[in-house]
Each structure stands twice: as structure tokens, then as C-alpha cells.
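Here is the file data30.cif (mmCIF, N, CA and C atoms).
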```
data_input
#
loop_
_atom_site.label_atom_id
_atom_site.label_comp_id
_atom_site.auth_asym_id
_atom_site.auth_seq_id
_atom_site.Cartn_x
_atom_site.Cartn_y
_atom_site.Cartn_z
N MET V 30 0.82 -1.19 0.00
CA MET V 30 0.00 0.00 0.00
C MET V 30 0.87 1.26 0.00
N ILE V 31 1.89 1.27 0.83
CA ILE V 31 2.79 2.42 0.89
C ILE V 31 3.53 2.57 -0.43
N LEU V 32 3.93 1.46 -1.02
CA LEU V 32 4.64 1.49 -2.29
C LEU V 32 3.77 2.09 -3.39
N ARG V 33 2.48 1.78 -3.42
CA ARG V 33 1.56 2.33 -4.42
C ARG V 33 1.42 3.84 -4.26
N LYS V 34 1.33 4.30 -3.03
CA LYS V 34 1.21 5.74 -2.78
C LYS V 34 2.47 6.46 -3.27
N GLU V 35 3.62 5.86 -3.02
CA GLU V 35 4.89 6.46 -3.45
C GLU V 35 4.96 6.50 -4.98
N GLN V 36 4.53 5.43 -5.63
CA GLN V 36 4.51 5.39 -7.09
C GLN V 36 3.55 6.45 -7.64
N SER V 37 2.41 6.61 -7.01
CA SER V 37 1.45 7.61 -7.44
C SER V 37 2.02 9.01 -7.31
N ARG V 38 2.72 9.28 -6.22
CA ARG V 38 3.33 10.60 -6.02
C ARG V 38 4.41 10.87 -7.07
N ILE V 39 5.21 9.86 -7.33
CA ILE V 39 6.27 10.01 -8.35
C ILE V 39 5.65 10.23 -9.72
N GLY V 40 4.60 9.49 -10.03
CA GLY V 40 3.91 9.66 -11.31
C GLY V 40 3.30 11.04 -11.44
N LEU V 41 2.66 11.51 -10.37
CA LEU V 41 2.06 12.84 -10.37
C LEU V 41 3.13 13.91 -10.54
N PHE V 42 4.23 13.76 -9.83
CA PHE V 42 5.34 14.70 -9.95
C PHE V 42 5.87 14.74 -11.38
N ALA V 43 6.02 13.58 -11.99
CA ALA V 43 6.52 13.51 -13.37
C ALA V 43 5.56 14.21 -14.33
N VAL V 44 4.26 14.03 -14.13
CA VAL V 44 3.27 14.68 -14.99
C VAL V 44 3.34 16.20 -14.83
N VAL V 45 3.47 16.67 -13.62
CA VAL V 45 3.56 18.11 -13.37
C VAL V 45 4.81 18.68 -14.03
N VAL V 46 5.95 18.03 -13.85
CA VAL V 46 7.20 18.51 -14.44
C VAL V 46 7.10 18.54 -15.96
N LEU V 47 6.59 17.49 -16.56
CA LEU V 47 6.44 17.45 -18.02
C LEU V 47 5.48 18.53 -18.51
N SER V 48 4.41 18.77 -17.78
CA SER V 48 3.45 19.82 -18.16
C SER V 48 4.11 21.19 -18.16
N VAL V 49 4.88 21.45 -17.13
CA VAL V 49 5.59 22.74 -17.05
C VAL V 49 6.56 22.87 -18.21
N LEU V 50 7.29 21.82 -18.53
CA LEU V 50 8.24 21.87 -19.65
C LEU V 50 7.54 22.12 -20.98
N VAL V 51 6.42 21.49 -21.19
CA VAL V 51 5.67 21.68 -22.44
C VAL V 51 5.14 23.11 -22.53
N LEU V 52 4.61 23.63 -21.46
CA LEU V 52 4.05 24.98 -21.47
C LEU V 52 5.11 26.05 -21.65
N THR V 53 6.31 25.82 -21.14
CA THR V 53 7.36 26.82 -21.28
C THR V 53 8.19 26.64 -22.54
N ALA V 54 8.07 25.51 -23.19
CA ALA V 54 8.89 25.24 -24.38
C ALA V 54 8.65 26.25 -25.49
N ASP V 55 7.39 26.65 -25.69
CA ASP V 55 7.06 27.59 -26.75
C ASP V 55 7.47 29.02 -26.42
N LYS V 56 7.87 29.27 -25.20
CA LYS V 56 8.15 30.63 -24.77
C LYS V 56 9.64 30.97 -24.85
N ARG V 57 10.43 30.09 -25.42
CA ARG V 57 11.85 30.37 -25.57
C ARG V 57 12.10 31.26 -26.77
N GLU V 58 13.09 32.11 -26.61
CA GLU V 58 13.45 33.01 -27.71
C GLU V 58 14.00 32.21 -28.88
N GLN V 59 13.59 32.62 -30.08
CA GLN V 59 14.02 31.97 -31.31
C GLN V 59 14.46 33.03 -32.30
N GLN V 60 15.04 32.58 -33.40
CA GLN V 60 15.43 33.51 -34.47
C GLN V 60 14.59 33.21 -35.71
N PHE V 61 14.13 34.29 -36.34
CA PHE V 61 13.29 34.21 -37.53
C PHE V 61 13.94 35.06 -38.62
N THR V 62 14.07 34.52 -39.82
CA THR V 62 14.69 35.24 -40.92
C THR V 62 13.63 35.56 -41.97
N GLY V 63 13.73 36.77 -42.50
CA GLY V 63 12.79 37.18 -43.54
C GLY V 63 13.03 38.62 -43.93
N VAL V 64 12.04 39.21 -44.57
CA VAL V 64 12.12 40.59 -45.04
C VAL V 64 11.10 41.42 -44.26
N ILE V 65 11.52 42.60 -43.82
CA ILE V 65 10.58 43.51 -43.17
C ILE V 65 9.66 44.08 -44.25
N SER V 66 8.38 43.80 -44.10
CA SER V 66 7.38 44.26 -45.06
C SER V 66 6.27 44.97 -44.28
N ASP V 67 5.18 45.20 -44.95
CA ASP V 67 4.02 45.81 -44.30
C ASP V 67 2.83 44.86 -44.43
N SER V 68 1.92 44.98 -43.51
CA SER V 68 0.77 44.08 -43.49
C SER V 68 -0.10 44.22 -44.74
N GLN V 69 -0.17 45.41 -45.31
CA GLN V 69 -1.01 45.64 -46.49
C GLN V 69 -0.56 44.77 -47.67
N CYS V 70 0.73 44.82 -47.97
CA CYS V 70 1.25 44.03 -49.10
C CYS V 70 1.39 42.55 -48.73
N ALA V 71 1.85 42.28 -47.51
CA ALA V 71 2.09 40.89 -47.10
C ALA V 71 0.81 40.06 -47.09
N TYR V 72 -0.30 40.71 -46.70
CA TYR V 72 -1.59 40.00 -46.67
C TYR V 72 -2.39 40.21 -47.97
N ASN V 73 -1.74 40.76 -48.98
CA ASN V 73 -2.36 40.96 -50.30
C ASN V 73 -3.59 41.88 -50.26
N ILE V 74 -3.55 42.88 -49.41
CA ILE V 74 -4.65 43.85 -49.34
C ILE V 74 -4.74 44.59 -50.68
N HIS V 75 -3.59 44.99 -51.22
CA HIS V 75 -3.56 45.66 -52.52
C HIS V 75 -2.45 45.07 -53.39
N SER V 76 -2.20 43.79 -53.18
CA SER V 76 -1.15 43.10 -53.91
C SER V 76 -1.60 41.67 -54.15
N GLU V 77 -1.19 41.11 -55.24
CA GLU V 77 -1.53 39.72 -55.53
C GLU V 77 -0.34 38.78 -55.33
N THR V 78 0.81 39.34 -54.98
CA THR V 78 2.04 38.53 -54.95
C THR V 78 2.81 38.61 -53.63
N HIS V 79 2.18 39.04 -52.55
CA HIS V 79 2.87 39.23 -51.27
C HIS V 79 4.07 40.14 -51.44
N SER V 80 3.99 41.06 -52.38
CA SER V 80 5.14 41.93 -52.65
C SER V 80 4.65 43.33 -52.98
N HIS V 81 5.59 44.15 -53.40
CA HIS V 81 5.30 45.55 -53.71
C HIS V 81 5.25 45.81 -55.22
N LYS V 82 5.34 44.76 -56.00
CA LYS V 82 5.44 44.89 -57.46
C LYS V 82 4.32 45.74 -58.06
N GLU V 83 3.08 45.45 -57.70
CA GLU V 83 1.96 46.17 -58.30
C GLU V 83 2.01 47.66 -57.96
N MET V 84 2.32 47.96 -56.70
CA MET V 84 2.35 49.36 -56.26
C MET V 84 3.49 50.13 -56.92
N LEU V 85 4.62 49.46 -57.10
CA LEU V 85 5.76 50.12 -57.74
C LEU V 85 5.51 50.37 -59.22
N LYS V 86 4.79 49.46 -59.87
CA LYS V 86 4.46 49.66 -61.29
C LYS V 86 3.56 50.88 -61.47
N MET V 87 2.66 51.10 -60.51
CA MET V 87 1.73 52.22 -60.61
C MET V 87 2.30 53.50 -60.00
N HIS V 88 3.44 53.39 -59.37
CA HIS V 88 4.10 54.54 -58.72
C HIS V 88 3.19 55.24 -57.71
N THR V 89 2.36 54.45 -57.02
CA THR V 89 1.45 55.05 -56.05
C THR V 89 2.00 55.05 -54.62
N MET V 90 3.00 54.23 -54.37
CA MET V 90 3.53 54.11 -53.01
C MET V 90 5.03 54.41 -52.94
N GLY V 91 5.52 55.24 -53.84
CA GLY V 91 6.93 55.58 -53.84
C GLY V 91 7.68 54.86 -54.94
N GLY V 92 8.99 55.07 -54.96
CA GLY V 92 9.80 54.53 -56.05
C GLY V 92 10.61 53.30 -55.68
N SER V 93 10.51 52.84 -54.43
CA SER V 93 11.27 51.66 -54.03
C SER V 93 10.42 50.79 -53.10
N GLU V 94 10.87 49.57 -52.88
CA GLU V 94 10.14 48.69 -51.97
C GLU V 94 10.11 49.28 -50.56
N ALA V 95 11.22 49.88 -50.13
CA ALA V 95 11.26 50.50 -48.80
C ALA V 95 10.25 51.64 -48.70
N ASP V 96 10.12 52.46 -49.76
CA ASP V 96 9.12 53.53 -49.78
C ASP V 96 7.71 52.95 -49.65
N CYS V 97 7.46 51.87 -50.36
CA CYS V 97 6.15 51.23 -50.33
C CYS V 97 5.83 50.74 -48.92
N VAL V 98 6.79 50.08 -48.28
CA VAL V 98 6.58 49.58 -46.92
C VAL V 98 6.23 50.73 -45.99
N LYS V 99 7.04 51.77 -46.01
CA LYS V 99 6.84 52.89 -45.09
C LYS V 99 5.53 53.63 -45.37
N THR V 100 5.17 53.77 -46.65
CA THR V 100 3.92 54.44 -47.00
C THR V 100 2.72 53.62 -46.53
N CYS V 101 2.77 52.32 -46.74
CA CYS V 101 1.66 51.46 -46.32
C CYS V 101 1.48 51.49 -44.81
N VAL V 102 2.59 51.56 -44.08
CA VAL V 102 2.51 51.65 -42.62
C VAL V 102 1.90 52.99 -42.21
N LYS V 103 2.29 54.05 -42.92
CA LYS V 103 1.74 55.38 -42.61
C LYS V 103 0.22 55.44 -42.80
N ILE V 104 -0.29 54.69 -43.77
CA ILE V 104 -1.72 54.76 -44.05
C ILE V 104 -2.53 53.68 -43.31
N GLY V 105 -1.89 53.05 -42.32
CA GLY V 105 -2.65 52.13 -41.48
C GLY V 105 -2.15 50.71 -41.38
N GLY V 106 -1.15 50.36 -42.15
CA GLY V 106 -0.59 49.02 -42.05
C GLY V 106 0.34 48.91 -40.86
N SER V 107 0.92 47.75 -40.68
CA SER V 107 1.90 47.57 -39.62
C SER V 107 3.11 46.84 -40.20
N TYR V 108 4.24 47.00 -39.53
CA TYR V 108 5.44 46.28 -39.96
C TYR V 108 5.27 44.81 -39.61
N VAL V 109 5.67 43.96 -40.56
CA VAL V 109 5.60 42.51 -40.36
C VAL V 109 6.90 41.89 -40.88
N LEU V 110 7.12 40.66 -40.49
CA LEU V 110 8.23 39.89 -41.05
C LEU V 110 7.62 38.91 -42.04
N LEU V 111 8.08 38.96 -43.28
CA LEU V 111 7.61 38.06 -44.33
C LEU V 111 8.70 37.03 -44.58
N SER V 112 8.42 35.78 -44.25
CA SER V 112 9.43 34.73 -44.40
C SER V 112 9.50 34.24 -45.84
N LYS V 113 10.51 33.47 -46.12
CA LYS V 113 10.75 32.95 -47.47
C LYS V 113 9.55 32.17 -48.01
N ASP V 114 8.84 31.49 -47.11
CA ASP V 114 7.67 30.69 -47.52
C ASP V 114 6.36 31.49 -47.45
N ASN V 115 6.49 32.84 -47.46
CA ASN V 115 5.35 33.77 -47.43
C ASN V 115 4.53 33.71 -46.14
N ARG V 116 5.15 33.25 -45.08
CA ARG V 116 4.50 33.29 -43.77
C ARG V 116 4.64 34.71 -43.23
N VAL V 117 3.56 35.26 -42.72
CA VAL V 117 3.54 36.63 -42.22
C VAL V 117 3.53 36.60 -40.69
N TRP V 118 4.51 37.25 -40.10
CA TRP V 118 4.61 37.35 -38.64
C TRP V 118 4.35 38.80 -38.22
N GLN V 119 3.37 39.04 -37.38
CA GLN V 119 3.17 40.35 -36.79
C GLN V 119 4.32 40.61 -35.81
N LEU V 120 4.77 41.84 -35.71
CA LEU V 120 5.89 42.18 -34.84
C LEU V 120 5.42 43.10 -33.71
N SER V 121 5.82 42.77 -32.48
CA SER V 121 5.42 43.61 -31.34
C SER V 121 6.10 44.97 -31.40
N ASP V 122 7.31 45.02 -31.90
CA ASP V 122 8.07 46.27 -32.02
C ASP V 122 7.73 46.90 -33.36
N GLN V 123 7.16 48.09 -33.35
CA GLN V 123 6.81 48.78 -34.59
C GLN V 123 7.72 49.96 -34.87
N ARG V 124 8.75 50.18 -34.05
CA ARG V 124 9.70 51.27 -34.30
C ARG V 124 10.94 50.78 -35.04
N THR V 125 11.59 49.77 -34.50
CA THR V 125 12.84 49.28 -35.07
C THR V 125 12.71 48.84 -36.52
N PRO V 126 11.63 48.16 -36.92
CA PRO V 126 11.53 47.71 -38.31
C PRO V 126 11.60 48.83 -39.35
N ALA V 127 11.27 50.05 -38.97
CA ALA V 127 11.28 51.17 -39.93
C ALA V 127 12.63 51.32 -40.60
N LYS V 128 13.70 51.14 -39.85
CA LYS V 128 15.03 51.31 -40.46
C LYS V 128 15.46 50.10 -41.29
N PHE V 129 14.69 49.03 -41.24
CA PHE V 129 14.99 47.83 -42.02
C PHE V 129 13.93 47.57 -43.11
N ALA V 130 13.10 48.56 -43.40
CA ALA V 130 12.02 48.38 -44.37
C ALA V 130 12.54 47.79 -45.68
N ALA V 131 11.94 46.69 -46.10
CA ALA V 131 12.25 45.98 -47.35
C ALA V 131 13.63 45.31 -47.34
N HIS V 132 14.24 45.17 -46.18
CA HIS V 132 15.55 44.51 -46.08
C HIS V 132 15.41 43.16 -45.38
N ARG V 133 16.34 42.27 -45.73
CA ARG V 133 16.38 40.95 -45.10
C ARG V 133 16.96 41.09 -43.71
N VAL V 134 16.29 40.50 -42.71
CA VAL V 134 16.69 40.64 -41.31
C VAL V 134 16.60 39.30 -40.57
N ILE V 135 17.15 39.33 -39.38
CA ILE V 135 16.96 38.24 -38.42
C ILE V 135 16.29 38.87 -37.21
N VAL V 136 15.12 38.35 -36.88
CA VAL V 136 14.38 38.83 -35.71
C VAL V 136 14.55 37.80 -34.60
N SER V 137 15.02 38.25 -33.46
CA SER V 137 15.10 37.39 -32.28
C SER V 137 13.90 37.71 -31.42
N GLY V 138 13.21 36.68 -30.98
CA GLY V 138 12.04 36.92 -30.15
C GLY V 138 11.29 35.65 -29.82
N THR V 139 10.19 35.84 -29.15
CA THR V 139 9.36 34.73 -28.69
C THR V 139 8.08 34.67 -29.51
N PRO V 140 7.82 33.53 -30.14
CA PRO V 140 6.59 33.41 -30.92
C PRO V 140 5.37 33.31 -30.01
N SER V 141 4.26 33.84 -30.47
CA SER V 141 3.01 33.73 -29.72
C SER V 141 2.52 32.28 -29.78
N PRO V 142 1.69 31.89 -28.83
CA PRO V 142 1.17 30.51 -28.85
C PRO V 142 0.43 30.16 -30.14
N ASP V 143 -0.21 31.15 -30.77
CA ASP V 143 -0.95 30.87 -32.00
C ASP V 143 -0.05 30.89 -33.25
N GLY V 144 1.23 31.24 -33.08
CA GLY V 144 2.17 31.23 -34.20
C GLY V 144 1.96 32.33 -35.22
N LYS V 145 1.33 33.43 -34.81
CA LYS V 145 1.07 34.52 -35.75
C LYS V 145 1.89 35.76 -35.49
N SER V 146 2.49 35.85 -34.31
CA SER V 146 3.25 37.06 -33.99
C SER V 146 4.51 36.74 -33.21
N ILE V 147 5.39 37.73 -33.13
CA ILE V 147 6.66 37.58 -32.42
C ILE V 147 6.78 38.72 -31.42
N GLU V 148 7.08 38.38 -30.18
CA GLU V 148 7.44 39.38 -29.18
C GLU V 148 8.92 39.65 -29.42
N VAL V 149 9.21 40.79 -30.03
CA VAL V 149 10.55 41.08 -30.53
C VAL V 149 11.52 41.44 -29.41
N ALA V 150 12.67 40.78 -29.43
CA ALA V 150 13.77 41.12 -28.52
C ALA V 150 14.81 41.96 -29.25
N ALA V 151 15.06 41.62 -30.54
CA ALA V 151 16.06 42.36 -31.33
C ALA V 151 15.83 42.09 -32.81
N ILE V 152 16.26 43.05 -33.61
CA ILE V 152 16.22 42.92 -35.07
C ILE V 152 17.59 43.35 -35.59
N VAL V 153 18.21 42.50 -36.40
CA VAL V 153 19.50 42.84 -37.01
C VAL V 153 19.45 42.50 -38.49
N ALA V 154 20.28 43.19 -39.26
CA ALA V 154 20.36 42.93 -40.70
C ALA V 154 20.92 41.52 -40.91
N ALA V 155 20.35 40.81 -41.85
CA ALA V 155 20.86 39.48 -42.21
C ALA V 155 22.00 39.65 -43.19
N LYS V 156 22.93 38.75 -43.14
CA LYS V 156 24.08 38.80 -44.05
C LYS V 156 23.76 38.09 -45.33
#
```

C-alpha cells encoding of this file:
Amino acid sequence: MILRKEQSRIGLFAVVVLSVLVLTADKREQQFTGVISDSQCAYNIHSETHSHKEMLKMHTMGGSEADCVKTCVKIGGSYVLLSKDNRVWQLSDQRTPAKFAAHRVIVSGTPSPDGKSIEVAAIVAAK
């Protein structure tokens, strides 16, 4: 009887420890590589290609991809990270990305549980 109680306690302890590890696993800082874009173009609000091509052809959002990103943010979009596979990540930091508009970067941060945003710790230019 005492042995069963001890086994139950050990089993319960193991379950608690594993649960804590699983819940905290997603909260570790990671690195994400992509291009700083804007939500308007990345989500195809006024683009069909997850890019700035259409806007640049019409010369409505400036003369460069960086101009397009900054203009779209000014009119209500937000800075996002667009990965190589066209995955769009919302960024918690909306100041730092401005200097990296349309450039390839590495974002260090913690992904949200739903996998749609990053709590940004740092952004650096990718080599």
C-alpha cells in the first residue's frame, strides 16, 4: 500500500514537471529570418504577390520597396516579417523595423502561442 502511494506521487510529480516543460517550451526566444514588409502588401490587401510589385508599377507608393513599406505603414498598415515561404509574422516592435524596411533581417524573439506574432527582442540585418 505504501509502495503504491509512493509510485502515485512520483507519477504525479513527473506529470507536473512534463506539463511545465511543455508549457514553457514555446516561450523560448528563437530567431526568424525574412524581409521587413508591411501588413497591407504581405496580406495581399492591394497586392496579388505578397510583394510591392503592383504598387511600384503604378508609382502610387513611392519609387522603391522601402518607400512602399513605409507608406503602407503610414496609411494604417503595420510592420511585419515576411518569411521565405510567405509566412507573415506580426511584430510587437513597430519602431525598429522602420530602419529595415524591405531589407532581409533576423528577428530574435518569442513566438506567440498561435504562431502569428513575435514578441521582438532584437532585429539585425541578415548577411

### From V:Lys82, V:Val153, V:Glu94, V:Ile147, residue lying nearest Val117 in chain V [only N, CA and C atoms]
V:Ile147

### Query
How many Å separate CA of Ala150 in chain V from CA of Ser137 in chain V?
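A separation of 5.5 Å between them.
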
### Task
Might you pull out every residue within 10 Å of Pro140 in chain V, with only C-alpha atoms counted and same-chain residues fewer than 5 positions away left off, and present them as a PyMOL selection string?
chain V and resi 55-61+118-120+145-149

Centre and edges of the range 90-107 of chain V box, axis-aligned, 5 Å extra per side, as AutoDock Vina command-line options:
```
--center_x 4.3 --center_y 51.2 --center_z -47.8 --size_x 23.9 --size_y 18.7 --size_z 26.4
```

#### Entry: Two-atom distance - CA of Asp96 in chain V, atom C of Gly144 in chain V (Å)
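Spanning CA of Asp96 in chain V to atom C of Gly144 in chain V is a straight-line distance of 26.7 Å.
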
### Task
Identify which of the residues V:Val134, V:Tyr72, V:Pro142, V:Tyr108 lies closest to Asp122 in chain V, counting only N, CA and C atoms when measuring atom-to-atom distances.
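Of the candidates, the smallest distance to Asp122 in chain V is held by V:Tyr108.
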
Show me, as JSON lines, the residues of range 97-141 of chain V having an atom within 8 Å of range 63-69 of chain V, each with the closest atom pair and its distance in Å, using only C-alpha atoms.
```
{"residue": "V:Val98", "atom": "CA", "partner": "V:Asp67", "partner_atom": "CA", "distance": 5.3}
{"residue": "V:Lys99", "atom": "CA", "partner": "V:Asp67", "partner_atom": "CA", "distance": 7.7}
{"residue": "V:Cys101", "atom": "CA", "partner": "V:Gln69", "partner_atom": "CA", "distance": 6.4}
{"residue": "V:Val102", "atom": "CA", "partner": "V:Asp67", "partner_atom": "CA", "distance": 6.3}
{"residue": "V:Gly106", "atom": "CA", "partner": "V:Ser68", "partner_atom": "CA", "distance": 5.3}
{"residue": "V:Ser107", "atom": "CA", "partner": "V:Ser68", "partner_atom": "CA", "distance": 5.3}
{"residue": "V:Tyr108", "atom": "CA", "partner": "V:Asp67", "partner_atom": "CA", "distance": 4.6}
{"residue": "V:Val109", "atom": "CA", "partner": "V:Ser66", "partner_atom": "CA", "distance": 5.3}
{"residue": "V:Leu110", "atom": "CA", "partner": "V:Ile65", "partner_atom": "CA", "distance": 4.8}
{"residue": "V:Leu111", "atom": "CA", "partner": "V:Val64", "partner_atom": "CA", "distance": 5.2}
{"residue": "V:Ser112", "atom": "CA", "partner": "V:Gly63", "partner_atom": "CA", "distance": 4.2}
{"residue": "V:Lys113", "atom": "CA", "partner": "V:Gly63", "partner_atom": "CA", "distance": 6.1}
{"residue": "V:Pro126", "atom": "CA", "partner": "V:Ile65", "partner_atom": "CA", "distance": 6.5}
{"residue": "V:Phe129", "atom": "CA", "partner": "V:Ile65", "partner_atom": "CA", "distance": 6.3}
{"residue": "V:Ala130", "atom": "CA", "partner": "V:Ile65", "partner_atom": "CA", "distance": 5.2}
{"residue": "V:Ala131", "atom": "CA", "partner": "V:Ile65", "partner_atom": "CA", "distance": 5.1}
{"residue": "V:His132", "atom": "CA", "partner": "V:Val64", "partner_atom": "CA", "distance": 5.3}
{"residue": "V:Arg133", "atom": "CA", "partner": "V:Val64", "partner_atom": "CA", "distance": 4.3}
{"residue": "V:Val134", "atom": "CA", "partner": "V:Gly63", "partner_atom": "CA", "distance": 5.7}
{"residue": "V:Ile135", "atom": "CA", "partner": "V:Gly63", "partner_atom": "CA", "distance": 6.7}
```

Go ahead and save the picked residues with N, CA and C atoms, as an mmCIF file, in the coordinates of the input.
```cif
data_model
loop_
_atom_site.group_PDB
_atom_site.id
_atom_site.type_symbol
_atom_site.label_atom_id
_atom_site.label_comp_id
_atom_site.auth_asym_id
_atom_site.auth_seq_id
_atom_site.Cartn_x
_atom_site.Cartn_y
_atom_site.Cartn_z
ATOM 1 N N VAL V 98 6.790 50.080 -48.280
ATOM 2 C CA VAL V 98 6.580 49.580 -46.920
ATOM 3 C C VAL V 98 6.230 50.730 -45.990
ATOM 4 N N LYS V 99 7.040 51.770 -46.010
ATOM 5 C CA LYS V 99 6.840 52.890 -45.090
ATOM 6 C C LYS V 99 5.530 53.630 -45.370
ATOM 7 N N CYS V 101 2.770 52.320 -46.740
ATOM 8 C CA CYS V 101 1.660 51.460 -46.320
ATOM 9 C C CYS V 101 1.480 51.490 -44.810
ATOM 10 N N VAL V 102 2.590 51.560 -44.080
ATOM 11 C CA VAL V 102 2.510 51.650 -42.620
ATOM 12 C C VAL V 102 1.900 52.990 -42.210
ATOM 13 N N GLY V 106 -1.150 50.360 -42.150
ATOM 14 C CA GLY V 106 -0.590 49.020 -42.050
ATOM 15 C C GLY V 106 0.340 48.910 -40.860
ATOM 16 N N SER V 107 0.920 47.750 -40.680
ATOM 17 C CA SER V 107 1.900 47.570 -39.620
ATOM 18 C C SER V 107 3.110 46.840 -40.200
ATOM 19 N N TYR V 108 4.240 47.000 -39.530
ATOM 20 C CA TYR V 108 5.440 46.280 -39.960
ATOM 21 C C TYR V 108 5.270 44.810 -39.610
ATOM 22 N N VAL V 109 5.670 43.960 -40.560
ATOM 23 C CA VAL V 109 5.600 42.510 -40.360
ATOM 24 C C VAL V 109 6.900 41.890 -40.880
ATOM 25 N N LEU V 110 7.120 40.660 -40.490
ATOM 26 C CA LEU V 110 8.230 39.890 -41.050
ATOM 27 C C LEU V 110 7.620 38.910 -42.040
ATOM 28 N N LEU V 111 8.080 38.960 -43.280
ATOM 29 C CA LEU V 111 7.610 38.060 -44.330
ATOM 30 C C LEU V 111 8.700 37.030 -44.580
ATOM 31 N N SER V 112 8.420 35.780 -44.250
ATOM 32 C CA SER V 112 9.430 34.730 -44.400
ATOM 33 C C SER V 112 9.500 34.240 -45.840
ATOM 34 N N LYS V 113 10.510 33.470 -46.120
ATOM 35 C CA LYS V 113 10.750 32.950 -47.470
ATOM 36 C C LYS V 113 9.550 32.170 -48.010
ATOM 37 N N PRO V 126 11.630 48.160 -36.920
ATOM 38 C CA PRO V 126 11.530 47.710 -38.310
ATOM 39 C C PRO V 126 11.600 48.830 -39.350
ATOM 40 N N PHE V 129 14.690 49.030 -41.240
ATOM 41 C CA PHE V 129 14.990 47.830 -42.020
ATOM 42 C C PHE V 129 13.930 47.570 -43.110
ATOM 43 N N ALA V 130 13.100 48.560 -43.400
ATOM 44 C CA ALA V 130 12.020 48.380 -44.370
ATOM 45 C C ALA V 130 12.540 47.790 -45.680
ATOM 46 N N ALA V 131 11.940 46.690 -46.100
ATOM 47 C CA ALA V 131 12.250 45.980 -47.350
ATOM 48 C C ALA V 131 13.630 45.310 -47.340
ATOM 49 N N HIS V 132 14.240 45.170 -46.180
ATOM 50 C CA HIS V 132 15.550 44.510 -46.080
ATOM 51 C C HIS V 132 15.410 43.160 -45.380
ATOM 52 N N ARG V 133 16.340 42.270 -45.730
ATOM 53 C CA ARG V 133 16.380 40.950 -45.100
ATOM 54 C C ARG V 133 16.960 41.090 -43.710
ATOM 55 N N VAL V 134 16.290 40.500 -42.710
ATOM 56 C CA VAL V 134 16.690 40.640 -41.310
ATOM 57 C C VAL V 134 16.600 39.300 -40.570
ATOM 58 N N ILE V 135 17.150 39.330 -39.380
ATOM 59 C CA ILE V 135 16.960 38.240 -38.420
ATOM 60 C C ILE V 135 16.290 38.870 -37.210
#
```

### Message
With distances taken over only N, CA and C atoms, which residue among V:Asn115, V:Lys156, V:Ala151, V:Ser93 lies nearest Gly138 in chain V?
### Response
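Ranked by minimum distance to Gly138 in chain V, first place goes to V:Ala151.
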
### Those of range 71-144 of chain V in DSSP strand (DSSP E or B), formatted as a list of chain:residue names
V:Tyr108, V:Val109, V:Leu110, V:Leu111, V:Val117, V:Trp118, V:Gln119, V:Leu120, V:Ala130, V:Arg133, V:Val134, V:Ile135, V:Val136, V:Ser137, V:Gly138, V:Thr139, V:Pro140

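Going from CA of Asn73 in chain V over to atom C of Cys97 in chain V, you cover 12.8 Å.
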